[in-house]
Amino acid sequence: MEDMYVKPGNQERGWNDPPQFSYSLQKSHGTQKNLLNKRAPPPGAGTPPMTPPTLFNPLAPPPGIKTAPPAGPPPSCHATPPAACISSHKEDVDSQTESEPDVQSVLAVLERALAACRQSVSDQVCNDMGKRLRLLQDSWQSGRLSLPVKRRMRSLSLELQACNWDQADDIHRSLMVDHVTEVSQWMVGVKRLIAETRKLSPELLLSLKDAAEEPEEVSDSAQDS
């Protein structure tokens, strides 16, 4: 078919010259046109219906993966309490069952230390310390002090009576750290009392030491009788 559109070669042209095409022969045949008057088939005749796209749920698991059933309550809810909790609860119960320290015995030691300080310390300082001791007594008798605070104050009074200044000061600091809301009003006076008693001469401290030896003397006399 392509040979009809090609003219005979020119003898004068070279062997590598392109052949000459016949324009008139191509025009007579024309180009084949597409028919545009053909009616299109109605929708749905021969084509499968389109399904609407499904919405993507980010919380849903991927297709093909089985989800596990919801887990039950954690085993710790029904587990037995640890040994530490039991021991701490036992300590709390033991602390409540023990006898409460006597406020009068504690204040007696502090008052004797204050009386010894009045011989060498100014009246203003001694009066302020006495005021703080009365606040301690009111807080103790009104029930505003917890049992740990009362026990530490008893230990503080014993250390002060034995002239163990460092131990008494350590107990004072522990009370200020652990129970500051209970002791903040009167602990300043106790701290000053420890500091001033430390400065006293051995002669002025005899009243504290003699008071510490009184129970032993009383017990000895009771045994002799």
# chains A, B, ... in the order shown; residues from 1 in each chain; ligands from 1
>>> residues_around(residues="region 111-124 of chain A", least_positions_apart="3", cutoff="9 Å", atoms="only C-alpha atoms", output="compact mmCIF listing (two decimals) with all heavy atoms, in the first residue's frame")
# COMPACT_ATOMS: atom_id res chain seq x y z
N VAL A 106 8.03 15.88 131.27
CA VAL A 106 8.80 16.59 130.23
C VAL A 106 8.98 18.05 130.59
O VAL A 106 10.08 18.62 130.51
CB VAL A 106 8.10 16.43 128.86
CG1 VAL A 106 8.81 17.27 127.80
CG2 VAL A 106 8.07 14.97 128.43
N LEU A 107 7.90 18.69 131.02
CA LEU A 107 7.97 20.11 131.37
C LEU A 107 8.82 20.34 132.62
O LEU A 107 9.43 21.41 132.77
CB LEU A 107 6.57 20.67 131.58
CG LEU A 107 5.73 20.85 130.30
CD1 LEU A 107 4.32 21.30 130.65
CD2 LEU A 107 6.38 21.84 129.36
N ALA A 108 8.88 19.36 133.51
CA ALA A 108 9.68 19.53 134.72
C ALA A 108 11.16 19.70 134.38
O ALA A 108 11.86 20.55 134.96
CB ALA A 108 9.46 18.34 135.64
N ASN A 127 12.11 35.10 129.79
CA ASN A 127 10.65 35.25 129.73
C ASN A 127 10.10 34.74 128.39
O ASN A 127 9.02 34.13 128.35
CB ASN A 127 10.27 36.71 129.95
CG ASN A 127 10.57 37.18 131.36
OD1 ASN A 127 10.64 36.38 132.30
ND2 ASN A 127 10.78 38.49 131.53
N ASP A 128 10.83 35.01 127.33
CA ASP A 128 10.38 34.49 126.03
C ASP A 128 10.42 32.97 126.00
O ASP A 128 9.50 32.33 125.47
CB ASP A 128 11.25 35.07 124.91
CG ASP A 128 10.80 34.64 123.53
OD1 ASP A 128 9.72 35.11 123.08
OD2 ASP A 128 11.49 33.80 122.91
N MET A 129 11.47 32.37 126.57
CA MET A 129 11.53 30.91 126.62
C MET A 129 10.42 30.34 127.49
O MET A 129 9.82 29.31 127.16
CB MET A 129 12.90 30.46 127.14
CG MET A 129 14.04 30.71 126.17
SD MET A 129 15.61 29.96 126.68
CE MET A 129 15.98 30.92 128.17
N GLY A 130 10.10 31.01 128.61
CA GLY A 130 8.99 30.55 129.44
C GLY A 130 7.66 30.64 128.72
O GLY A 130 6.78 29.77 128.88
N LEU A 133 7.38 27.68 126.44
CA LEU A 133 7.10 26.45 127.17
C LEU A 133 5.62 26.35 127.55
O LEU A 133 5.05 25.26 127.57
CB LEU A 133 7.98 26.36 128.41
CG LEU A 133 9.49 26.22 128.17
CD1 LEU A 133 10.23 26.09 129.50
CD2 LEU A 133 9.79 25.04 127.27
N LEU A 160 18.55 16.41 127.37
CA LEU A 160 18.87 17.68 128.01
C LEU A 160 19.22 17.49 129.49
O LEU A 160 20.12 18.14 130.03
CB LEU A 160 17.69 18.65 127.86
CG LEU A 160 17.89 20.08 128.36
CD1 LEU A 160 18.98 20.79 127.57
CD2 LEU A 160 16.58 20.86 128.29
N GLN A 161 18.53 16.60 130.14
CA GLN A 161 18.79 16.31 131.55
C GLN A 161 20.15 15.66 131.74
O GLN A 161 20.83 15.89 132.76
CB GLN A 161 17.68 15.41 132.09
CG GLN A 161 17.71 15.22 133.60
CD GLN A 161 16.50 14.42 134.07
OE1 GLN A 161 15.82 13.78 133.28
NE2 GLN A 161 16.24 14.47 135.37
N LEU A 193 16.53 27.36 124.56
CA LEU A 193 16.81 26.79 125.87
C LEU A 193 18.00 25.82 125.81
O LEU A 193 18.86 25.79 126.70
CB LEU A 193 15.57 26.09 126.41
CG LEU A 193 15.68 25.48 127.81
CD1 LEU A 193 15.96 26.56 128.85
CD2 LEU A 193 14.39 24.73 128.16
N ILE A 194 18.07 25.03 124.75
CA ILE A 194 19.20 24.11 124.58
C ILE A 194 20.51 24.89 124.41
O ILE A 194 21.55 24.56 125.01
CB ILE A 194 18.96 23.17 123.38
CG1 ILE A 194 17.73 22.28 123.62
CG2 ILE A 194 20.19 22.31 123.11
CD1 ILE A 194 17.32 21.48 122.41
N GLU A 196 21.22 28.00 125.38
CA GLU A 196 21.62 28.72 126.59
C GLU A 196 22.07 27.77 127.70
O GLU A 196 22.99 28.09 128.47
CB GLU A 196 20.46 29.59 127.09
CG GLU A 196 20.06 30.71 126.13
CD GLU A 196 21.17 31.72 125.90
OE1 GLU A 196 22.06 31.82 126.77
OE2 GLU A 196 21.13 32.41 124.87
N THR A 197 21.46 26.61 127.79
CA THR A 197 21.86 25.65 128.82
C THR A 197 23.25 25.09 128.52
O THR A 197 24.02 24.78 129.45
CB THR A 197 20.84 24.50 128.89
OG1 THR A 197 19.53 25.03 129.01
CG2 THR A 197 21.11 23.61 130.09
N LEU A 200 26.01 27.18 130.18
CA LEU A 200 26.06 27.31 131.64
C LEU A 200 27.29 26.61 132.21
O LEU A 200 27.81 25.64 131.63
CB LEU A 200 24.79 26.73 132.26
CG LEU A 200 23.47 27.44 131.90
CD1 LEU A 200 22.30 26.73 132.57
CD2 LEU A 200 23.51 28.91 132.30
N LEU A 204 25.99 25.47 137.72
CA LEU A 204 24.57 25.77 137.46
C LEU A 204 23.82 24.57 136.89
O LEU A 204 22.59 24.56 136.90
CB LEU A 204 24.46 26.96 136.50
CG LEU A 204 25.03 28.28 137.02
CD1 LEU A 204 24.91 29.37 135.95
CD2 LEU A 204 24.32 28.71 138.30
N LEU A 205 24.53 23.59 136.39
CA LEU A 205 23.89 22.41 135.81
C LEU A 205 23.66 21.31 136.84
O LEU A 205 23.16 20.24 136.49
CB LEU A 205 24.73 21.85 134.65
CG LEU A 205 24.87 22.76 133.43
CD1 LEU A 205 25.83 22.16 132.43
CD2 LEU A 205 23.51 23.01 132.77
N LEU A 206 24.04 21.56 138.09
CA LEU A 206 23.87 20.53 139.10
C LEU A 206 22.40 20.22 139.35
O LEU A 206 22.06 19.07 139.68
CB LEU A 206 24.54 20.98 140.41
CG LEU A 206 26.07 21.06 140.38
CD1 LEU A 206 26.60 21.59 141.71
CD2 LEU A 206 26.67 19.69 140.06
N SER A 207 21.54 21.21 139.18
CA SER A 207 20.11 20.95 139.40
C SER A 207 19.56 19.95 138.40
O SER A 207 18.73 19.10 138.74
CB SER A 207 19.33 22.27 139.31
OG SER A 207 19.50 22.86 138.02
N LEU A 208 20.03 20.02 137.15
CA LEU A 208 19.59 19.03 136.15
C LEU A 208 20.13 17.65 136.47
O LEU A 208 19.40 16.66 136.40
CB LEU A 208 20.04 19.46 134.75
CG LEU A 208 19.30 20.63 134.11
CD1 LEU A 208 19.95 20.97 132.78
CD2 LEU A 208 17.84 20.31 133.92
N ALA A 211 18.43 16.11 139.49
CA ALA A 211 17.08 15.64 139.17
C ALA A 211 17.12 14.30 138.46
O ALA A 211 16.22 13.47 138.61
CB ALA A 211 16.36 16.68 138.32
>>> atom_distance(atom1="CA of Trp186 (chain A)", atom2="CA of Asp102 (chain A)")
17.9 Å
>>> residues_around(residues="Gln137 (chain A)", least_positions_apart="3", cutoff="9 Å", atoms="only C-alpha atoms", output="number ranges by chain")
A: 103-104, 107, 132-134, 140-142
